[in-house]
$ cat protein-v3.cif   # mmCIF, C-alpha atoms
data_input
#
loop_
_atom_site.label_atom_id
_atom_site.label_comp_id
_atom_site.auth_asym_id
_atom_site.auth_seq_id
_atom_site.Cartn_x
_atom_site.Cartn_y
_atom_site.Cartn_z
CA MET A 1 12.88 4.59 17.91
CA GLN A 2 14.32 7.30 20.21
CA LEU A 3 13.37 9.89 17.62
CA ALA A 4 9.81 8.57 17.30
CA LEU A 5 9.29 8.72 21.07
CA GLY A 6 10.84 12.19 21.16
CA LEU A 7 8.00 13.39 18.90
CA SER A 8 5.45 12.59 21.59
CA GLN A 9 6.14 15.90 23.35
CA VAL A 10 4.76 19.08 21.86
CA GLY A 11 7.70 21.39 22.61
CA GLU A 12 8.31 24.83 24.15
CA PHE A 13 7.50 26.71 20.97
CA ALA A 14 3.83 25.83 21.55
CA PHE A 15 3.75 28.22 24.56
CA VAL A 16 4.86 31.13 22.38
CA LEU A 17 2.36 30.18 19.69
CA LEU A 18 -0.53 29.85 22.16
CA SER A 19 0.05 33.16 23.95
CA PHE A 20 0.35 34.90 20.59
CA SER A 21 -2.91 33.27 19.37
CA GLN A 22 -4.68 34.55 22.47
CA GLN A 23 -3.29 38.07 22.01
CA ILE A 24 -4.62 38.36 18.47
CA HIS A 25 -7.91 36.63 19.54
CA ILE A 26 -7.71 33.49 17.42
CA LEU A 27 -8.29 31.29 20.46
CA ASP A 28 -10.27 32.16 23.61
CA ALA A 29 -8.75 32.08 27.11
CA ARG A 30 -10.27 28.72 28.03
CA THR A 31 -8.95 26.84 24.98
CA THR A 32 -5.56 28.44 25.42
CA SER A 33 -5.16 27.44 29.05
CA LEU A 34 -6.39 23.89 28.37
CA THR A 35 -3.99 23.44 25.44
CA THR A 36 -1.11 24.93 27.48
CA ALA A 37 -1.77 22.37 30.20
CA VAL A 38 -1.72 19.53 27.63
CA VAL A 39 1.59 20.76 26.20
CA ALA A 40 3.12 20.99 29.67
CA LEU A 41 1.94 17.50 30.58
CA SER A 42 3.25 16.03 27.32
CA MET A 43 6.65 17.50 28.14
CA ALA A 44 6.55 16.16 31.65
CA PHE A 45 5.69 12.64 30.54
CA THR A 46 8.24 12.28 27.74
CA PRO A 47 11.11 11.21 30.03
CA LEU A 48 8.78 8.57 31.47
CA VAL A 49 8.02 7.33 27.92
CA PHE A 50 11.78 7.00 27.30
CA LEU A 51 12.18 5.12 30.55
CA PHE A 52 9.35 2.74 29.59
CA ASN A 53 11.01 2.21 26.19
CA ASP A 54 14.40 1.37 27.70
CA ARG A 55 13.15 -0.94 30.44
CA VAL A 56 10.12 -2.65 28.90
CA LEU A 57 9.78 -2.17 25.14
CA GLN A 58 13.39 -2.50 23.93
CA PRO A 59 14.23 -5.78 25.72
CA ARG A 60 11.21 -7.34 23.98
CA LEU A 61 11.84 -5.94 20.50
CA GLY A 62 14.77 -7.98 19.17
CA PRO A 63 17.87 -6.34 17.61
CA ALA A 64 18.33 -3.49 20.02
CA ALA A 65 18.64 -6.06 22.79
CA ALA A 66 22.07 -6.92 21.38
CA PRO A 67 24.28 -6.22 24.42
CA THR A 68 22.61 -8.96 26.44
CA ARG A 69 22.17 -11.44 23.59
CA PRO A 70 24.35 -14.52 24.03
CA ALA A 71 26.63 -15.58 21.16
CA ASP A 72 25.23 -18.22 18.82
CA HIS A 73 26.35 -21.80 19.09
CA VAL A 74 28.43 -22.72 16.05
CA GLU A 75 27.89 -26.25 14.78
CA GLU A 76 30.04 -26.32 11.65
CA ARG A 77 33.82 -26.64 11.25
CA ASN A 78 35.39 -24.95 8.23
CA PRO A 79 38.90 -24.14 6.98
CA VAL A 80 38.03 -20.44 6.93
CA ILE A 81 36.50 -18.18 9.57
CA VAL A 82 35.24 -14.78 8.43
CA ALA A 83 34.93 -12.20 11.20
CA GLY A 84 32.67 -9.37 10.03
CA PHE A 85 30.18 -9.82 7.23
CA SER A 86 29.40 -6.31 6.08
CA GLY A 87 29.92 -5.47 2.40
CA TYR A 88 33.66 -6.12 2.58
CA GLY A 89 33.64 -9.46 4.34
CA SER A 90 30.60 -10.74 2.49
CA MET A 91 32.20 -10.18 -0.93
CA ALA A 92 35.25 -12.23 0.06
CA GLY A 93 33.06 -14.82 1.79
CA ARG A 94 30.72 -15.22 -1.16
CA PHE A 95 33.73 -15.67 -3.44
CA LEU A 96 35.10 -18.46 -1.27
CA ARG A 97 31.73 -20.19 -1.03
CA ALA A 98 31.30 -19.95 -4.80
CA ASN A 99 34.61 -21.81 -5.06
CA GLY A 100 33.36 -24.59 -2.83
CA ILE A 101 35.24 -23.47 0.30
CA GLY A 102 33.33 -23.75 3.56
CA ILE A 103 33.35 -20.59 5.67
CA THR A 104 32.16 -19.94 9.21
CA VAL A 105 30.86 -16.39 9.53
CA LEU A 106 30.92 -14.49 12.84
CA ASP A 107 29.41 -11.04 12.93
CA PRO A 108 29.09 -8.71 15.94
CA ASP A 109 26.08 -6.84 14.52
CA ALA A 110 22.94 -8.60 15.74
CA SER A 111 20.53 -6.88 13.37
CA ARG A 112 22.75 -7.71 10.39
CA VAL A 113 22.98 -11.32 11.51
CA ASP A 114 19.19 -11.51 11.73
CA SER A 115 18.59 -9.99 8.30
CA LEU A 116 21.26 -12.19 6.65
CA ARG A 117 19.67 -15.23 8.27
CA GLN A 118 16.33 -14.25 6.79
CA LEU A 119 18.04 -14.40 3.39
CA GLY A 120 18.99 -17.98 4.17
CA LEU A 121 22.70 -17.33 4.90
CA ARG A 122 24.44 -19.20 7.71
CA VAL A 123 25.81 -16.40 9.85
CA TYR A 124 26.51 -16.53 13.59
CA TYR A 125 26.20 -13.70 16.05
CA GLY A 126 29.41 -13.29 17.98
CA ASP A 127 32.42 -11.10 18.68
CA ALA A 128 35.60 -12.55 17.15
CA SER A 129 37.82 -10.49 19.45
CA ARG A 130 36.84 -12.81 22.32
CA HIS A 131 39.06 -15.84 22.29
CA GLU A 132 36.43 -18.25 23.66
CA LEU A 133 34.15 -17.35 20.74
CA LEU A 134 36.90 -17.91 18.19
CA HIS A 135 37.50 -21.23 19.86
CA ALA A 136 33.77 -22.07 19.67
CA ALA A 137 33.80 -21.14 15.97
CA GLY A 138 36.44 -23.79 15.33
CA ALA A 139 39.63 -21.69 15.31
CA GLU A 140 41.70 -24.76 16.26
CA GLN A 141 40.65 -26.62 13.12
CA ALA A 142 40.59 -23.62 10.78
CA GLN A 143 43.55 -22.55 8.64
CA VAL A 144 42.60 -19.01 7.72
CA LEU A 145 40.98 -16.17 9.66
CA ILE A 146 39.64 -13.30 7.58
CA ILE A 147 39.24 -10.21 9.74
CA ALA A 148 36.85 -7.86 7.96
CA LEU A 149 35.24 -6.01 10.86
CA ASP A 150 34.00 -2.43 10.50
CA SER A 151 36.11 -0.65 13.11
CA HIS A 152 39.88 -0.45 13.28
CA ALA A 153 39.93 -0.88 17.05
CA HIS A 154 37.87 -4.03 16.75
CA ILE A 155 40.14 -5.34 13.98
CA MET A 156 43.27 -4.69 16.07
CA ALA A 157 41.74 -6.42 19.09
CA THR A 158 40.87 -9.48 17.01
CA VAL A 159 44.37 -9.64 15.50
CA ALA A 160 45.89 -9.55 18.98
CA VAL A 161 43.64 -12.34 20.26
CA ALA A 162 44.21 -14.53 17.22
CA GLN A 163 48.00 -14.08 17.38
CA ARG A 164 48.05 -14.90 21.06
CA HIS A 165 45.70 -17.87 21.19
CA PHE A 166 45.74 -19.33 17.66
CA PRO A 167 49.21 -18.73 16.24
CA HIS A 168 48.67 -21.35 13.52
CA LEU A 169 45.94 -19.27 11.84
CA ARG A 170 46.90 -17.32 8.73
CA LEU A 171 45.40 -13.86 9.16
CA LEU A 172 44.03 -11.89 6.21
CA VAL A 173 43.14 -8.47 7.52
CA ARG A 174 41.02 -5.60 6.23
CA SER A 175 42.57 -2.18 6.67
CA LEU A 176 40.30 0.85 6.56
CA SER A 177 43.04 3.35 5.74
CA ARG A 178 46.72 3.88 5.13
CA THR A 179 47.40 4.76 8.76
CA ASP A 180 45.49 1.69 9.94
CA SER A 181 47.82 -0.35 7.75
CA TYR A 182 50.86 0.97 9.65
CA ASP A 183 49.34 -0.32 12.90
CA LEU A 184 48.56 -3.70 11.37
CA LEU A 185 52.00 -4.09 9.79
CA ALA A 186 53.53 -3.29 13.17
CA THR A 187 51.76 -6.33 14.66
CA GLY A 188 53.65 -8.52 12.20
CA VAL A 189 50.70 -9.30 9.93
CA GLU A 190 51.93 -9.24 6.33
CA THR A 191 48.63 -9.78 4.56
CA VAL A 192 46.96 -6.40 5.04
CA TYR A 193 44.31 -5.24 2.56
CA ARG A 194 43.61 -1.53 2.25
CA GLU A 195 40.01 -1.60 1.20
CA THR A 196 39.90 1.35 -1.16
CA VAL A 197 43.14 0.84 -3.04
CA ASP A 198 42.27 -1.62 -5.80
CA ASN A 199 38.94 -0.04 -6.44
CA SER A 200 40.18 3.54 -6.79
CA LEU A 201 42.93 2.36 -9.11
CA ARG A 202 40.29 0.69 -11.30
CA LEU A 203 38.59 4.05 -11.47
CA GLY A 204 41.93 5.64 -12.34
CA VAL A 205 42.41 3.15 -15.18
CA ASP A 206 39.01 4.04 -16.60
CA ALA A 207 39.88 7.74 -16.37
CA LEU A 208 43.12 7.16 -18.31
CA ARG A 209 41.20 5.20 -20.95
CA LEU A 210 38.62 7.95 -21.33
CA LEU A 211 41.54 10.28 -22.03
CA GLY A 212 42.73 8.05 -24.86
CA VAL A 213 45.36 5.86 -23.17
CA ARG A 214 45.37 2.29 -24.52
CA ALA A 215 43.71 -0.22 -22.20
CA TYR A 216 46.68 -2.52 -21.68
CA HIS A 217 49.05 0.34 -20.95
CA ALA A 218 46.57 1.81 -18.45
CA GLN A 219 46.21 -1.53 -16.75
CA ARG A 220 49.97 -2.11 -16.55
CA ALA A 221 50.43 1.42 -15.24
CA ALA A 222 47.90 0.76 -12.47
CA ARG A 223 49.50 -2.52 -11.45
CA THR A 224 52.94 -0.93 -11.33
CA PHE A 225 51.50 1.93 -9.30
CA LEU A 226 49.92 -0.53 -6.88
CA ARG A 227 53.26 -2.28 -6.38
CA HIS A 228 54.97 1.07 -5.72
CA ASP A 229 52.26 2.06 -3.29
CA GLU A 230 52.42 -1.22 -1.38
CA GLN A 231 56.17 -0.75 -1.10
CA ALA A 232 55.66 2.82 0.13
CA VAL A 233 53.24 1.71 2.84
CA ARG A 234 55.76 -0.79 4.10
CA GLU A 235 58.60 1.73 4.07
CA LEU A 236 56.50 4.31 5.87
CA ALA A 237 55.36 1.75 8.42
CA THR A 238 58.98 1.18 9.41
CA LEU A 239 59.81 4.89 9.39
CA ARG A 240 56.82 5.56 11.64
CA HIS A 241 57.88 2.88 13.98
CA ASP A 242 61.19 4.67 14.51
CA LYS A 243 59.90 8.22 14.80
CA VAL A 244 56.50 7.92 16.36
CA ALA A 245 57.76 9.14 19.72
CA TYR A 246 58.52 12.73 18.72
CA LEU A 247 56.54 13.55 15.59
CA THR A 248 53.03 14.94 15.71
CA THR A 249 50.46 13.20 13.56
CA ALA A 250 49.88 16.17 11.27
CA ARG A 251 53.57 16.64 10.62
CA GLN A 252 53.96 12.96 10.08
CA GLN A 253 51.21 12.96 7.46
CA ILE A 254 52.89 15.75 5.52
CA GLN A 255 56.13 13.80 5.59
CA ASP A 256 54.29 10.68 4.43
CA LEU A 257 52.79 12.57 1.53
CA GLU A 258 56.19 13.94 0.53
CA HIS A 259 57.56 10.44 0.57
CA LEU A 260 54.69 9.16 -1.59
CA LEU A 261 55.00 11.97 -4.11
CA ARG A 262 58.72 11.31 -4.42
CA MET A 263 57.96 7.69 -5.15
CA ASP A 264 55.36 8.66 -7.77
CA ALA A 265 57.86 10.90 -9.58
CA ALA A 266 57.59 10.20 -13.29
CA SER A 267 61.28 9.44 -13.66
CA ASN A 268 60.94 6.68 -11.13
CA TYR A 269 57.61 5.18 -11.94
CA LEU A 270 56.76 5.73 -15.61
CA GLN A 271 60.13 4.38 -16.65
CA GLU A 272 59.17 1.06 -15.16
CA VAL A 273 55.80 1.05 -16.94
CA ASP A 274 57.34 1.94 -20.29
CA GLU A 275 60.13 -0.63 -20.19
CA GLY A 276 58.03 -3.39 -21.75
CA TRP A 277 57.99 -3.59 -25.56
CA ASP A 278 60.17 -0.52 -25.91
CA ASN A 279 62.05 -0.62 -29.21
CA THR A 280 64.03 2.60 -28.96
CA THR A 281 67.44 0.97 -28.62
CA LEU A 282 66.59 -1.62 -31.26
CA ARG A 283 65.74 1.14 -33.74
CA GLN A 284 68.89 3.07 -32.87
CA GLU A 285 71.02 0.02 -33.49
CA ALA A 286 69.35 -0.66 -36.85
CA LEU A 287 69.77 2.96 -37.95
CA ALA A 288 73.43 2.98 -36.91
CA ARG A 289 74.07 -0.04 -39.09
CA ASP A 290 72.61 1.59 -42.24
CA MET Q 1 77.98 -28.28 -9.91
CA ALA Q 2 76.03 -26.79 -12.78
CA ARG Q 3 72.90 -24.99 -11.67
CA ILE Q 4 69.67 -25.57 -13.56
CA LEU Q 5 66.86 -23.07 -13.87
CA LEU Q 6 63.53 -24.72 -14.65
CA LEU Q 7 61.18 -22.23 -16.24
CA PHE Q 8 57.84 -23.90 -15.81
CA ALA Q 9 54.66 -22.66 -17.47
CA HIS Q 10 51.27 -24.32 -17.24
CA SER Q 11 48.02 -22.36 -17.24
CA ALA Q 12 46.10 -25.23 -15.57
CA LEU Q 13 48.59 -27.43 -13.73
CA GLU Q 14 45.76 -28.90 -11.65
CA LYS Q 15 44.61 -30.67 -14.85
CA SER Q 16 47.99 -32.03 -15.93
CA ARG Q 17 49.19 -35.36 -14.56
CA ALA Q 18 52.41 -35.54 -16.58
CA ASN Q 19 53.61 -32.05 -15.73
CA ARG Q 20 52.83 -32.45 -12.05
CA ARG Q 21 55.01 -35.57 -11.88
CA LEU Q 22 57.85 -34.02 -13.87
CA LEU Q 23 57.74 -30.92 -11.74
CA ALA Q 24 57.74 -32.84 -8.45
CA ALA Q 25 60.75 -34.89 -9.56
CA ALA Q 26 62.68 -31.79 -10.64
CA ALA Q 27 61.80 -29.85 -7.49
CA ALA Q 28 63.33 -32.61 -5.36
CA LEU Q 29 66.79 -31.94 -6.83
CA ASP Q 30 68.84 -29.36 -4.95
CA PHE Q 31 70.69 -28.08 -8.03
CA VAL Q 32 67.41 -27.22 -9.73
CA THR Q 33 65.62 -23.91 -9.16
CA VAL Q 34 61.96 -24.21 -10.09
CA ASN Q 35 60.48 -20.97 -11.38
CA ASP Q 36 56.74 -21.61 -11.68
CA LEU Q 37 55.76 -18.72 -13.95
CA TYR Q 38 51.96 -18.93 -13.72
CA GLU Q 39 52.22 -19.18 -9.95
CA GLN Q 40 54.62 -16.25 -9.81
CA TYR Q 41 52.83 -13.97 -12.30
CA PRO Q 42 49.11 -14.86 -12.47
CA ASP Q 43 48.52 -11.28 -13.65
CA PHE Q 44 51.26 -11.44 -16.34
CA ASP Q 45 53.24 -8.68 -14.60
CA VAL Q 46 56.62 -10.29 -15.13
CA ASP Q 47 59.31 -8.90 -12.82
CA VAL Q 48 62.06 -8.35 -15.38
CA GLU Q 49 64.84 -7.73 -12.89
CA ARG Q 50 64.07 -10.89 -10.91
CA GLU Q 51 63.95 -13.02 -14.05
CA GLN Q 52 67.19 -11.64 -15.44
CA GLN Q 53 68.92 -12.28 -12.13
CA LEU Q 54 67.70 -15.88 -12.15
CA LEU Q 55 69.03 -16.40 -15.66
CA LEU Q 56 72.40 -14.92 -14.75
CA THR Q 57 72.88 -17.18 -11.74
CA HIS Q 58 72.20 -20.47 -13.56
CA ASP Q 59 74.11 -22.44 -16.20
CA TYR Q 60 71.27 -24.41 -17.78
CA VAL Q 61 67.82 -23.15 -18.63
CA VAL Q 62 65.06 -25.71 -19.08
CA LEU Q 63 61.75 -24.47 -20.45
CA GLN Q 64 59.02 -26.90 -19.45
CA HIS Q 65 55.45 -26.48 -20.67
CA PRO Q 66 52.62 -28.23 -22.48
CA PHE Q 67 52.53 -27.95 -26.27
CA TYR Q 68 49.67 -25.58 -27.15
CA TRP Q 69 48.97 -24.72 -30.78
CA TYR Q 70 52.52 -25.77 -31.76
CA SER Q 71 53.82 -23.35 -29.18
CA ALA Q 72 53.90 -22.50 -25.46
CA PRO Q 73 51.25 -21.07 -23.10
CA ALA Q 74 50.84 -17.31 -23.46
CA LEU Q 75 52.84 -16.35 -20.36
CA VAL Q 76 56.00 -17.82 -21.91
CA LYS Q 77 55.68 -15.34 -24.76
CA GLN Q 78 55.04 -12.50 -22.31
CA TRP Q 79 58.13 -13.59 -20.38
CA GLU Q 80 60.22 -13.65 -23.58
CA ASP Q 81 58.97 -10.23 -24.69
CA LEU Q 82 59.76 -8.59 -21.37
CA VAL Q 83 62.81 -10.41 -20.03
CA LEU Q 84 64.92 -11.00 -23.14
CA GLU Q 85 65.60 -7.32 -23.64
CA HIS Q 86 67.50 -5.80 -26.50
CA GLY Q 87 70.98 -4.89 -25.33
CA TRP Q 88 70.81 -7.61 -22.69
CA ALA Q 89 69.86 -10.89 -24.37
CA TYR Q 90 70.48 -9.84 -27.97
CA GLY Q 91 71.78 -6.98 -30.07
CA GLN Q 92 75.34 -5.69 -30.28
CA THR Q 93 75.81 -5.47 -26.52
CA GLY Q 94 73.37 -8.19 -25.53
CA THR Q 95 75.57 -11.03 -24.31
CA ALA Q 96 74.11 -11.81 -20.89
CA LEU Q 97 73.01 -15.29 -21.95
CA ALA Q 98 76.09 -16.22 -24.00
CA ASP Q 99 77.35 -19.75 -23.23
CA LYS Q 100 74.28 -20.81 -21.30
CA ARG Q 101 72.65 -24.10 -22.33
CA PHE Q 102 69.00 -24.20 -23.25
CA VAL Q 103 66.68 -27.25 -23.30
CA ASN Q 104 62.95 -27.65 -24.00
CA ALA Q 105 60.83 -30.09 -22.01
CA ILE Q 106 57.44 -30.36 -23.67
CA THR Q 107 54.38 -32.47 -22.95
CA VAL Q 108 51.74 -33.19 -25.60
CA GLY Q 109 48.19 -34.45 -25.43
CA GLY Q 110 48.76 -37.13 -28.07
CA ARG Q 111 50.79 -40.24 -28.79
CA HIS Q 112 54.40 -40.18 -29.91
CA SER Q 113 53.33 -41.60 -33.26
CA THR Q 114 51.10 -38.62 -34.09
CA TYR Q 115 54.23 -36.47 -34.24
CA GLN Q 116 55.88 -38.62 -36.90
CA PRO Q 117 56.10 -38.10 -40.67
CA GLY Q 118 52.94 -39.37 -42.39
CA ASN Q 119 50.84 -39.49 -39.20
CA GLY Q 120 48.60 -37.04 -37.35
CA HIS Q 121 50.54 -33.78 -37.43
CA GLY Q 122 52.69 -35.16 -40.25
CA ALA Q 123 56.09 -34.34 -38.76
CA THR Q 124 58.19 -34.29 -35.58
CA ILE Q 125 57.93 -31.31 -33.26
CA PRO Q 126 61.28 -29.71 -34.20
CA VAL Q 127 60.29 -29.97 -37.84
CA ILE Q 128 56.91 -28.39 -37.17
CA ALA Q 129 58.64 -25.59 -35.28
CA ALA Q 130 61.17 -25.09 -38.05
CA ARG Q 131 58.47 -25.04 -40.75
CA THR Q 132 56.58 -22.39 -38.83
CA CYS Q 133 59.70 -20.23 -39.17
CA SER Q 134 60.22 -21.25 -42.82
CA LEU Q 135 63.43 -23.04 -41.86
CA ARG Q 136 64.72 -26.38 -43.05
CA TRP Q 137 65.22 -28.59 -40.03
CA GLY Q 138 68.41 -30.61 -39.82
CA SER Q 139 70.82 -28.45 -41.82
CA ALA Q 140 72.70 -27.39 -38.69
CA ARG Q 141 73.42 -30.94 -37.60
#

$ encode --input "protein-v3.cif" --output "structure tokens"
Amino acid sequence: MQLALGLSQVGEFAFVLLSFSQQIHILDARTTSLTTAVVALSMAFTPLVFLFNDRVLQPRLGPAAAPTRPADHVEERNPVIVAGFSGYGSMAGRFLRANGIGITVLDPDASRVDSLRQLGLRVYYGDASRHELLHAAGAEQAQVLIIALDSHAHIMATVAVAQRHFPHLRLLVRSLSRTDSYDLLATGVETVYRETVDNSLRLGVDALRLLGVRAYHAQRAARTFLRHDEQAVRELATLRHDKVAYLTTARQQIQDLEHLLRMDAASNYLQEVDEGWDNTTLRQEALARD
Amino acid sequence: MARILLLFAHSALEKSRANRRLLAAAAALDFVTVNDLYEQYPDFDVDVEREQQLLLTHDYVVLQHPFYWYSAPALVKQWEDLVLEHGWAYGQTGTALADKRFVNAITVGGRHSTYQPGNGHGATIPVIAARTCSLRWGSAR
């Protein structure tokens, strides 16, 4: 919208163009001066057009009016509240609904709420980091709060509010990155879900298979790797907690990476993958007997 | 007091009335450790070290499961393959389980009489198991 209104002014380059056109006699003096006046006026009026947009047009045009829109009234009571219904939250929410579990969805993005509603989905506009809204959504009666918001700050704020006002709720929390996970683990939440992890490992499994590794081995290798990585995140979260006062972020990240690479070392990790169905010692024993 | 490890395996416990009751009764006893395998390893990633530790710290091992295709649900086989390692459970140096007692607790979807000579399956369960391994049941008694 801002961009569209911005196009209403002609722009300074027109002055250059017009004076040049006059010099090489494409346009006569009268046309040039008239056009120059129009350009100047269009530039003068553009700020007024923006002002009109902000004060009059936008408040009447729906989604962009979000900041002043009151939160929706939630009628239903469900065992699960989902805060944030972008791609991440909606996948988990759809899965629960498909399994017959009622979910109450709160989303802070008004335009998303409106478009999901048009698809026939029950979604309420509201900010889950405000405790009165969680209360209105039935947090007292719910058992589980899924926090799947799009910004880490918003996620952290919601965790804090839920822990303070609704300590009975089990929190399942989306984490956007490894470092975000450290913050979340530090709040005492155990069920933290790094959003890219499972998916990139699935890709890794497919890559191994394309290179000729047997499917079951590739899958076991990925699951073992995931367990190692989860363990590493938890170790690093504690280490960070101790050192955060005197280490710079960049240096910390290098140290984290070193720690991870040590944990990935083949001696450590592959041994665990290969343990299953290994018949080396059995063969040795049989050969020794012969 | 002797400690009992109950290795329980059911791929759809929510559908089994008998196993639910047996399990609830066993879980109420403080000398019984219930190890619900399908609950513990839904992805079949058996934690070998944990399982071996459990075996070492108990005197009796009870394997409870429904009788599927004259055998146990698939996770029991996965557990056996991974946990009962050569050099630990068997082989020249594999003596970790020596002197432990082992009992099966099996539920079936049929009447007692169908597992009798001449009826249904034509034999008792131990005999069926022994036949599968080309053994003659009863000679050890």

$ residues_around --input "protein-v3.cif" --residues "region 67-80 of chain Q" --least-positions-apart "5" --cutoff "7 Å" --atoms "only C-alpha atoms" --output "list in words"
Ala9, His10, Ser11, Phe44, Val46, Ile106, Thr107 and Val108 of chain Q

$ residues_around --input "protein-v3.cif" --residues "region 162-173 of chain A" --least-positions-apart "6" --cutoff "8 Å" --atoms "all atoms listed in the file" --output "JSON, numbers by chain"
{"A": [129, 131, 139, 140, 142, 143, 144, 145, 146, 147, 148, 155, 189, 191, 192, 193]}

$ residues_around --input "protein-v3.cif" --residues "Gly109 (chain Q)" --least-positions-apart "4" --cutoff "12 Å" --atoms "all atoms listed in the file" --output "number ranges by chain"
Q: 15-19, 65-70, 113-115

$ interface_residues --input "protein-v3.cif" --of "chain A" --to "chain Q" --cutoff "10 Å" --atoms "all atoms listed in the file" --output "PDB file with C-alpha atoms, in the coordinates of the input"
ATOM      1  CA  ARG A 220      49.970  -2.110 -16.550  1.00  0.00           C
ATOM      2  CA  ARG A 223      49.500  -2.520 -11.450  1.00  0.00           C
ATOM      3  CA  THR A 224      52.940  -0.930 -11.330  1.00  0.00           C
ATOM      4  CA  GLU A 272      59.170   1.060 -15.160  1.00  0.00           C
ATOM      5  CA  GLU A 275      60.130  -0.630 -20.190  1.00  0.00           C
ATOM      6  CA  GLY A 276      58.030  -3.390 -21.750  1.00  0.00           C
ATOM      7  CA  TRP A 277      57.990  -3.590 -25.560  1.00  0.00           C
ATOM      8  CA  ASP A 278      60.170  -0.520 -25.910  1.00  0.00           C
ATOM      9  CA  ASN A 279      62.050  -0.620 -29.210  1.00  0.00           C
ATOM     10  CA  THR A 280      64.030   2.600 -28.960  1.00  0.00           C
ATOM     11  CA  THR A 281      67.440   0.970 -28.620  1.00  0.00           C
ATOM     12  CA  LEU A 282      66.590  -1.620 -31.260  1.00  0.00           C
ATOM     13  CA  GLU A 285      71.020   0.020 -33.490  1.00  0.00           C
ATOM     14  CA  ALA A 286      69.350  -0.660 -36.850  1.00  0.00           C
TER      15      ALA A 286
END

$ residues_around --input "protein-v3.cif" --residues "region 81-93 of chain A" --least-positions-apart "5" --cutoff "9 Å" --atoms "all atoms listed in the file" --output "CSV table (one decimal) with C-alpha atoms, keeping the file's coordinate frame"
chain,number,residue,atom,x,y,z
A,98,ALA,CA,31.3,-20.0,-4.8
A,102,GLY,CA,33.3,-23.8,3.6
A,103,ILE,CA,33.4,-20.6,5.7
A,104,THR,CA,32.2,-19.9,9.2
A,105,VAL,CA,30.9,-16.4,9.5
A,106,LEU,CA,30.9,-14.5,12.8
A,107,ASP,CA,29.4,-11.0,12.9
A,108,PRO,CA,29.1,-8.7,15.9
A,109,ASP,CA,26.1,-6.8,14.5
A,112,ARG,CA,22.8,-7.7,10.4
A,113,VAL,CA,23.0,-11.3,11.5
A,123,VAL,CA,25.8,-16.4,9.8
A,126,GLY,CA,29.4,-13.3,18.0
A,127,ASP,CA,32.4,-11.1,18.7
A,128,ALA,CA,35.6,-12.6,17.2
A,129,SER,CA,37.8,-10.5,19.4
A,134,LEU,CA,36.9,-17.9,18.2
A,137,ALA,CA,33.8,-21.1,16.0
A,138,GLY,CA,36.4,-23.8,15.3
A,139,ALA,CA,39.6,-21.7,15.3
A,142,ALA,CA,40.6,-23.6,10.8
A,143,GLN,CA,43.6,-22.6,8.6
A,144,VAL,CA,42.6,-19.0,7.7
A,145,LEU,CA,41.0,-16.2,9.7
A,146,ILE,CA,39.6,-13.3,7.6
A,147,ILE,CA,39.2,-10.2,9.7
A,148,ALA,CA,36.8,-7.9,8.0
A,149,LEU,CA,35.2,-6.0,10.9
A,150,ASP,CA,34.0,-2.4,10.5
A,158,THR,CA,40.9,-9.5,17.0
A,174,ARG,CA,41.0,-5.6,6.2
A,195,GLU,CA,40.0,-1.6,1.2

$ atom_distance --input "protein-v3.cif" --atom1 "CA of Arg227 (chain A)" --atom2 "CA of Ser200 (chain A)"
14.3 Å

$ resolve_selection --input "protein-v3.cif" --expression "the PyMOL selection byres ((chain Q and resi 32) around 6)" --output "PyMOL selection string"
chain Q and resi 4-5+29-31+33

$ atom_distance --input "protein-v3.cif" --atom1 "CA of Arg101 (chain Q)" --atom2 "CA of Val61 (chain Q)"
6.2 Å

$ closest_residue --input "protein-v3.cif" --among "A:Tyr216, A:Phe45, A:Tyr124, A:Tyr182" --to "Asp256 (chain A)" --atoms "all atoms listed in the file"
A:Tyr182

$ atom_distance --input "protein-v3.cif" --atom1 "CA of Ser151 (chain A)" --atom2 "CA of Leu133 (chain A)"
18.5 Å

$ resolve_selection --input "protein-v3.cif" --expression "the PyMOL selection byres ((chain Q and resi 57) around 12)" --output "ChimeraX atom specification"
/Q:2-5,31-33,50-56,58-61,96-97,100

$ closest_residue --input "protein-v3.cif" --among "A:Arg130, A:Arg214, A:Arg77, A:Arg234" --to "Ala186 (chain A)" --atoms "only C-alpha atoms"
A:Arg234

$ resolve_selection --input "protein-v3.cif" --expression "the PyMOL selection byres ((chain Q and resi 62) around 6)" --output "number ranges by chain"
Q: 6-7, 61, 63, 102-104

$ residues_around --input "protein-v3.cif" --residues "Asp229 (chain A)" --least-positions-apart "4" --cutoff "10 Å" --atoms "all atoms listed in the file" --output "VMD selection string"
chain A and resid 197 223 to 225 233 to 235 260 263 to 264

$ closest_residue --input "protein-v3.cif" --among "A:Leu116, A:Val10, A:Ile254, A:Ala207" --to "Leu41 (chain A)" --atoms "only C-alpha atoms"
A:Val10

$ closest_residue --input "protein-v3.cif" --among "Q:Ala98, Q:Leu37, Q:Ile125, Q:Ala28" --to "Phe8 (chain Q)" --atoms "all atoms listed in the file"
Q:Leu37

$ axis_aligned_box --input "protein-v3.cif" --around "region 90-107 of chain Q" --padding-each-side "5 Å" --output "lines of an AutoDock Vina configuration file"
center_x = 65.9
center_y = -19.0
center_z = -25.6
size_x = 33.0
size_y = 37.0
size_z = 19.4

$ closest_residue --input "protein-v3.cif" --among "A:Gly11, A:Glu75, A:Ser111, A:Leu18" --to "Leu34 (chain A)" --atoms "all atoms listed in the file"
A:Leu18
